[in-house]
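Visitor: For reference, this is entry_7.csv, and it has CSV, C-alpha atoms.
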chain,number,residue,atom,x,y,z
A,367,GLY,CA,-8.7,17.5,-9.3
A,368,ALA,CA,-5.1,18.4,-8.6
A,369,SER,CA,-2.3,16.3,-10.0
A,370,THR,CA,0.2,14.6,-7.8
A,371,ILE,CA,2.6,17.4,-7.0
A,372,MET,CA,5.9,17.1,-5.3
A,373,VAL,CA,8.0,20.2,-4.6
A,374,ASP,CA,11.6,19.9,-3.4
A,375,GLY,CA,11.6,19.2,0.3
A,376,GLY,CA,8.0,18.0,0.3
A,377,ALA,CA,6.6,21.4,0.8
A,378,ALA,CA,3.5,20.7,-1.2
A,379,LEU,CA,2.0,17.3,-2.2
A,380,ALA,CA,-1.5,16.3,-3.2
A,381,LEU,CA,-3.0,13.2,-4.7
A,382,GLY,CA,-5.3,14.2,-7.6
A,383,GLU,CA,-8.4,12.2,-8.4
A,384,GLU,CA,-7.0,11.4,-11.9
A,385,ASP,CA,-3.9,9.9,-10.1
A,386,TRP,CA,-6.0,7.8,-7.8
A,387,PRO,CA,-6.5,4.7,-10.0
A,388,LYS,CA,-2.7,4.4,-10.6
A,389,ALA,CA,-1.9,5.0,-7.0
A,390,ALA,CA,-4.4,2.4,-5.9
A,391,GLU,CA,-3.1,-0.2,-8.3
A,392,SER,CA,0.5,0.5,-7.3
A,393,PHE,CA,-0.4,0.0,-3.7
A,394,ARG,CA,-2.3,-3.2,-4.4
A,395,ALA,CA,0.6,-4.7,-6.2
A,396,ALA,CA,3.1,-3.6,-3.6
A,397,TRP,CA,1.0,-5.0,-0.8
A,398,ASN,CA,0.7,-8.4,-2.5
A,399,ARG,CA,4.5,-8.4,-3.2
A,400,VAL,CA,5.4,-7.5,0.4
A,401,ALA,CA,2.7,-9.8,1.9
A,402,GLY,CA,4.1,-12.6,-0.2
A,403,ALA,CA,7.6,-12.1,1.2
A,404,VAL,CA,6.1,-12.0,4.7
A,405,SER,CA,4.3,-15.3,4.1
A,406,SER,CA,7.6,-17.0,3.7
A,407,SER,CA,9.0,-15.4,6.8
A,408,THR,CA,9.4,-17.2,10.2
A,409,ASP,CA,8.8,-14.0,12.1
A,410,PRO,CA,5.7,-14.7,14.3
A,411,SER,CA,4.7,-11.0,14.2
A,412,SER,CA,4.0,-11.4,10.5
A,413,SER,CA,1.3,-14.0,10.9
A,414,PHE,CA,-1.6,-11.5,11.1
A,415,LEU,CA,-0.5,-9.6,8.0
A,416,GLU,CA,0.1,-12.9,6.2
A,417,GLN,CA,-3.5,-14.2,6.9
A,418,ALA,CA,-5.1,-10.9,6.0
A,419,GLY,CA,-5.0,-11.7,2.3
A,420,ALA,CA,-4.7,-9.4,-0.7
A,421,TRP,CA,-6.3,-6.1,-1.7
A,422,GLU,CA,-8.6,-6.1,-4.7
A,423,LEU,CA,-9.1,-3.2,-7.0
A,424,ARG,CA,-12.8,-2.7,-7.6
A,425,THR,CA,-15.1,-0.4,-9.5
A,426,SER,CA,-18.2,1.1,-7.8
A,427,ALA,CA,-21.4,0.5,-9.6
A,428,GLY,CA,-23.2,3.7,-8.8
A,429,ARG,CA,-20.5,6.3,-8.5
A,430,SER,CA,-19.4,7.0,-12.1
A,431,GLY,CA,-17.2,3.9,-12.1
A,432,ARG,CA,-14.9,5.2,-9.4
A,433,CYS,CA,-12.4,2.6,-8.2
A,434,TYR,CA,-11.6,1.6,-4.7
A,435,LEU,CA,-9.5,-1.0,-2.9
A,436,ALA,CA,-11.1,-3.8,-0.9
A,437,LEU,CA,-9.6,-6.2,1.7
A,438,GLU,CA,-12.3,-8.4,3.2
A,439,GLY,CA,-12.8,-11.2,5.6
A,440,VAL,CA,-9.8,-10.4,7.8
A,441,ARG,CA,-10.3,-12.6,10.8
A,442,VAL,CA,-9.6,-11.5,14.4
A,443,VAL,CA,-10.3,-13.6,17.5
A,444,GLY,CA,-12.9,-11.6,19.5
A,445,ALA,CA,-11.4,-9.7,22.4
A,446,GLY,CA,-12.0,-11.3,25.7
A,447,MET,CA,-13.0,-14.6,24.0
A,448,ALA,CA,-10.8,-17.4,25.2
A,449,SER,CA,-10.5,-20.2,22.6
A,450,PRO,CA,-12.9,-22.9,23.7
A,451,GLY,CA,-11.2,-25.3,21.3
A,452,ALA,CA,-7.9,-25.2,23.2
A,453,ALA,CA,-9.6,-25.6,26.6
A,454,CYS,CA,-11.6,-28.6,25.5
A,455,LEU,CA,-8.7,-30.3,23.8
A,456,GLY,CA,-6.6,-29.8,26.9
A,457,GLY,CA,-9.3,-31.3,29.2
A,458,GLU,CA,-10.4,-34.2,27.1
A,459,VAL,CA,-7.2,-35.3,25.3
A,460,ASP,CA,-6.7,-38.2,27.6
A,461,LEU,CA,-10.0,-39.8,26.5
A,462,TRP,CA,-8.6,-40.6,23.1
A,463,GLU,CA,-4.8,-40.8,23.7
A,464,SER,CA,-4.7,-43.1,26.7
A,465,SER,CA,-8.0,-45.0,26.7
A,466,ASP,CA,-8.0,-48.6,25.5
A,467,GLU,CA,-11.8,-48.7,25.1
A,468,ASP,CA,-13.0,-48.0,21.6
A,469,GLY,CA,-16.2,-46.4,22.9
A,470,ARG,CA,-14.4,-43.9,25.1
A,471,GLU,CA,-11.9,-43.2,22.4
A,472,ARG,CA,-14.6,-42.4,19.9
A,473,GLU,CA,-16.4,-40.2,22.4
A,474,GLY,CA,-13.2,-38.2,23.1
A,475,ARG,CA,-12.6,-37.6,19.4
A,476,GLU,CA,-16.2,-36.4,19.0
A,477,ILE,CA,-15.8,-34.0,21.9
A,478,ALA,CA,-12.5,-32.6,20.6
A,479,LEU,CA,-14.0,-32.1,17.1
A,480,ARG,CA,-17.0,-30.2,18.5
A,481,CYS,CA,-14.7,-27.9,20.4
A,482,VAL,CA,-12.5,-27.1,17.4
A,483,GLU,CA,-15.6,-26.4,15.3
A,484,GLY,CA,-17.0,-24.2,18.1
A,485,ASP,CA,-13.9,-22.1,18.1
A,486,GLN,CA,-14.9,-20.7,14.8
A,487,ASP,CA,-17.8,-18.9,16.5
A,488,HIS,CA,-15.5,-16.6,18.4
A,489,HIS,CA,-13.9,-15.0,15.3
A,490,HIS,CA,-14.7,-11.5,14.2
A,491,LEU,CA,-14.5,-10.7,10.5
A,492,TYR,CA,-13.4,-7.3,9.2
A,493,ASP,CA,-13.7,-5.7,5.8
A,494,PHE,CA,-11.5,-2.8,4.8
A,495,HIS,CA,-12.1,-0.4,1.9
A,496,ILE,CA,-9.9,2.4,0.7
A,497,LEU,CA,-11.7,5.2,-1.3
A,498,TYR,CA,-10.5,8.5,-2.7
A,499,ASN,CA,-11.8,11.5,-0.8
A,500,PRO,CA,-11.9,14.5,-3.3
A,501,SER,CA,-12.6,17.1,-0.6
A,502,TYR,CA,-9.3,16.3,1.2
A,503,ALA,CA,-7.5,14.9,-1.8
A,504,VAL,CA,-6.4,11.9,0.2
A,505,PRO,CA,-7.2,8.2,0.4
A,506,GLU,CA,-9.8,7.4,3.1
A,507,LEU,CA,-10.1,4.1,5.0
A,508,TYR,CA,-13.5,2.5,5.9
A,509,PHE,CA,-13.9,-0.7,7.8
A,510,TYR,CA,-16.7,-2.9,8.9
A,511,GLY,CA,-16.7,-5.6,11.6
A,512,ARG,CA,-19.1,-8.4,12.4
A,513,ARG,CA,-19.3,-11.6,14.4
A,514,ALA,CA,-18.7,-14.7,12.4
A,515,ALA,CA,-21.2,-16.7,14.3
A,516,ASP,CA,-24.3,-14.5,13.7
A,517,GLY,CA,-23.3,-11.5,11.7
A,518,LEU,CA,-23.8,-9.0,14.5
A,519,VAL,CA,-22.3,-5.7,13.6
A,520,LEU,CA,-19.4,-4.5,15.8
A,521,GLY,CA,-19.1,-0.9,17.0
A,522,PRO,CA,-16.0,1.3,17.5
A,523,SER,CA,-15.4,0.2,21.1
A,524,GLU,CA,-15.6,-3.5,20.1
A,525,ALA,CA,-13.3,-3.0,17.2
A,526,ALA,CA,-10.8,-1.2,19.4
A,527,GLU,CA,-10.8,-4.1,21.8
A,528,ASP,CA,-10.2,-6.5,18.9
A,529,PHE,CA,-7.3,-4.6,17.3
A,530,ALA,CA,-5.6,-3.9,20.7
A,531,SER,CA,-4.7,-7.6,20.5
A,532,VAL,CA,-2.7,-7.2,17.3
A,533,THR,CA,-1.3,-3.6,17.8
A,534,PRO,CA,0.9,-2.0,20.4
A,535,TYR,CA,-1.9,0.4,21.2
A,536,PRO,CA,-4.3,0.1,24.1
A,537,ALA,CA,-8.0,-0.1,23.3
A,538,ALA,CA,-8.7,3.4,24.7
A,539,GLU,CA,-6.3,5.0,22.3
A,540,LEU,CA,-7.6,3.1,19.3
A,541,ARG,CA,-11.1,4.1,20.2
A,542,LEU,CA,-10.1,7.7,19.8
A,543,ALA,CA,-8.8,6.9,16.3
A,544,TYR,CA,-12.0,5.2,15.1
A,545,VAL,CA,-15.2,7.1,14.0
A,546,SER,CA,-18.5,6.1,12.7
A,547,LYS,CA,-19.2,7.2,9.1
A,548,ASP,CA,-21.4,6.3,6.2
A,549,HIS,CA,-19.7,4.4,3.3
A,550,PRO,CA,-20.4,6.7,0.3
A,551,TYR,CA,-20.5,3.9,-2.3
A,552,LEU,CA,-22.5,1.3,-0.3
A,553,LEU,CA,-24.6,3.9,1.5
A,554,LEU,CA,-24.3,1.9,4.7
A,555,PRO,CA,-23.0,2.8,8.2
A,556,TRP,CA,-19.3,1.7,8.5
A,557,LEU,CA,-16.4,2.8,10.6
A,558,GLY,CA,-13.3,4.8,9.6
A,559,THR,CA,-10.5,7.0,10.8
A,560,HIS,CA,-10.1,10.7,11.2
A,561,LEU,CA,-9.2,12.7,8.1
A,562,CYS,CA,-8.5,16.2,9.2
A,563,GLU,CA,-4.8,15.7,9.9
A,564,THR,CA,-4.1,13.3,7.0
A,565,PRO,CA,-2.8,15.8,4.4
A,566,ALA,CA,-0.3,17.5,6.8
A,567,LEU,CA,0.8,14.1,8.2
A,568,VAL,CA,1.5,12.6,4.9
A,569,ARG,CA,3.3,15.7,3.7
A,570,GLU,CA,5.6,15.6,6.7
A,571,MET,CA,6.3,11.9,6.1
A,572,MET,CA,7.1,12.6,2.5
A,573,ARG,CA,9.4,15.5,3.2
A,574,GLY,CA,12.6,15.1,1.2
A,575,ALA,CA,11.5,11.8,-0.2
A,576,CYS,CA,12.6,10.9,-3.7
A,577,ALA,CA,11.1,7.9,-5.4
A,578,PRO,CA,10.6,6.7,-9.0
A,579,ASP,CA,6.8,6.3,-8.3
A,580,PRO,CA,5.7,9.2,-6.1
A,581,ALA,CA,2.1,8.0,-6.1
A,582,LEU,CA,3.1,4.7,-4.6
A,583,ARG,CA,5.4,6.5,-2.1
A,584,TYR,CA,2.5,8.6,-1.1
A,585,MET,CA,0.2,5.5,-0.6
A,586,LEU,CA,2.9,3.7,1.5
A,587,SER,CA,3.5,6.8,3.6
A,588,TRP,CA,-0.3,7.2,4.1
A,589,TRP,CA,-0.8,3.5,5.0
A,590,SER,CA,2.1,3.5,7.4
A,591,ALA,CA,0.2,6.1,9.4
A,592,VAL,CA,-3.2,4.3,9.1
A,593,GLY,CA,-2.5,0.6,8.9
A,594,LYS,CA,-0.7,0.5,12.3
A,595,HIS,CA,-4.0,1.0,14.0
A,596,PHE,CA,-5.1,-2.4,12.7
A,597,GLY,CA,-1.9,-4.4,13.0
A,598,LEU,CA,-1.5,-4.2,9.2
A,599,GLY,CA,1.6,-2.1,8.8
A,600,LEU,CA,3.8,-3.2,5.9
A,601,PRO,CA,7.4,-4.1,6.7
A,602,LEU,CA,8.8,-1.9,3.9
A,603,ASP,CA,12.3,-3.3,4.2
A,604,LYS,CA,11.1,-6.5,2.5
Once more with this new file: its structure as structure tokens, please.

Guide:
Amino acid sequence: GASTIMVDGGAALALGEEDWPKAAESFRAAWNRVAGAVSSSTDPSSSFLEQAGAWELRTSAGRSGRCYLALEGVRVVGAGMASPGAACLGGEVDLWESSDEDGREREGREIALRCVEGDQDHHHLYDFHILYNPSYAVPELYFYGRRAADGLVLGPSEAAEDFASVTPYPAAELRLAYVSKDHPYLLLPWLGTHLCETPALVREMMRGACAPDPALRYMLSWWSAVGKHFGLGLPLDK
């Protein structure tokens, strides 16, 4: 594959397959460093990024040991699912705060506990994988969503509804960005984003860029274009 090439002014740039492991590791380390800074921030907009966790660098078992990045178990409250825990606690709180009767107090606490536990059923869990695509010479994002309660797989429309709650984009726009595709390592149906415009988009974002680690700069530029569709854009001023 082609090596990472940067021509003055960003006229030509490609991420070669031999450069992918280093680029992936650099991105993983940068994400963890920035996410760590975010976790100590009081900015409420950082909460989703903070709870998303850390990327892991893994090696595929059946693809000649190719490495990929994995961020799994990212929790999103299902779109259109009001939190039953909050509603129950609001309606029953007087049973255990103002009652003088032990029996009614105990009953109220049990009702509240059941409501808080039931709230977990309304979470959707998402896994994200970043693989190297040798045909386009770019990273490629795959993601997979499921309901926490029963493991039911979520489609593109449901994912769009979920991530509209943590991005500035309406669900209809996100739906256009998501496509169904097979995960080449797991050989299972996942979701992903469009690839055809990625090389030109990253090249434009890198135009004139000068960085000591061009592979990391490439990854950050790429993720700034992709991660925003999931509410996972990195605050690069950290």

Visitor: Which residue gives the smallest distance to A:Ala390 among A:Asp493, A:Glu527, A:Glu506, A:Asp548, with only C-alpha atoms counted?

Guide: A:Glu506

Visitor: Measuring atom to atom with all atoms listed in the file, identify which of A:Met585, A:Val440, A:Leu542, A:Ala537 is nearest to A:Ala395.

Guide: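 Ranking A:Met585, A:Val440, A:Leu542, A:Ala537 by distance to A:Ala395, first place goes to A:Met585.
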
Visitor: What's the 6 Å shell around stretch 552-560 of chain A, counting all atoms listed in the file, without same-chain residues fewer than 2 positions away, as number ranges by chain?

Guide: A: 507-510, 543-550

Visitor: Env of A:Thr425: 9 Å cut, atoms = all atoms listed in the file, seq-sep filter 5 positions within chain, self excluded. Answer as a JSON list (two decimals) with C-alpha atoms, in the frame of the given file.

Guide:
[["chain", "number", "residue", "atom", "x", "y", "z"],
["A", 430, "SER", "CA", -19.40, 7.00, -12.10],
["A", 431, "GLY", "CA", -17.20, 3.90, -12.10],
["A", 432, "ARG", "CA", -14.90, 5.20, -9.40],
["A", 433, "CYS", "CA", -12.40, 2.60, -8.20],
["A", 434, "TYR", "CA", -11.60, 1.60, -4.70],
["A", 435, "LEU", "CA", -9.50, -1.00, -2.90]]

Visitor: Ranking A:Ala401, A:Leu518, A:Leu437, A:Leu600 by minimum distance to A:Ile496 and counting all atoms listed in the file, which one comes first?

Guide: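 Answer, going by the shortest atom-to-atom distance: A:Leu437.
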
Visitor: I need the residue nearest A:Leu423 from this list: A:Val443, A:Leu497, A:Leu540, A:Val400. Use all atoms listed in the file for the distance.

Guide: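 Nearest candidate to A:Leu423 out of A:Val443, A:Leu497, A:Leu540, A:Val400: A:Leu497.
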
Visitor: Using Å and a single decimal, report how far atom CA of A:Pro505 sits from atom CA of A:Ala525.

Guide: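 For atom CA of A:Ala525 relative to atom CA of A:Pro505, the distance reads 21.1 Å.
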
Visitor: May I ask for the distance between atom CA of A:His495 and atom CA of A:Gly439, given in Å to one decimal place?

Guide: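 Between atom CA of A:His495 and atom CA of A:Gly439 the gap works out to 11.4 Å.
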
Visitor: In Å, rounded to a single decimal, give me how far atom CA of A:Pro387 is from atom CA of A:Gln417.

Guide: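 It comes out at 25.5 Å.
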
Visitor: Return the single residue from A:His595, A:His490, A:Ser501, A:Pro580 that is closest to A:Ala538, with distances computed using all atoms listed in the file.

Guide: A:His595

Visitor: List as a PyMOL selection string: which residues have an atom within 10 Å of (-13.7, -2.7, 21.4), counting all atoms listed in the file?

Guide: chain A and resi 444-446+520-530+537-538+540-541

Visitor: Find the residues near A:Gly517: any atom within 12 Å, counting all atoms listed in the file, skip ones fewer than 3 places away on the same chain, and give them as a list of chain:residue names.

Guide: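 Close residues of A:Gly517: A:Asp487, A:His488, A:His489, A:His490, A:Leu491, A:Tyr492, A:Tyr510, A:Gly511, A:Arg512, A:Arg513, A:Ala514, A:Leu520.
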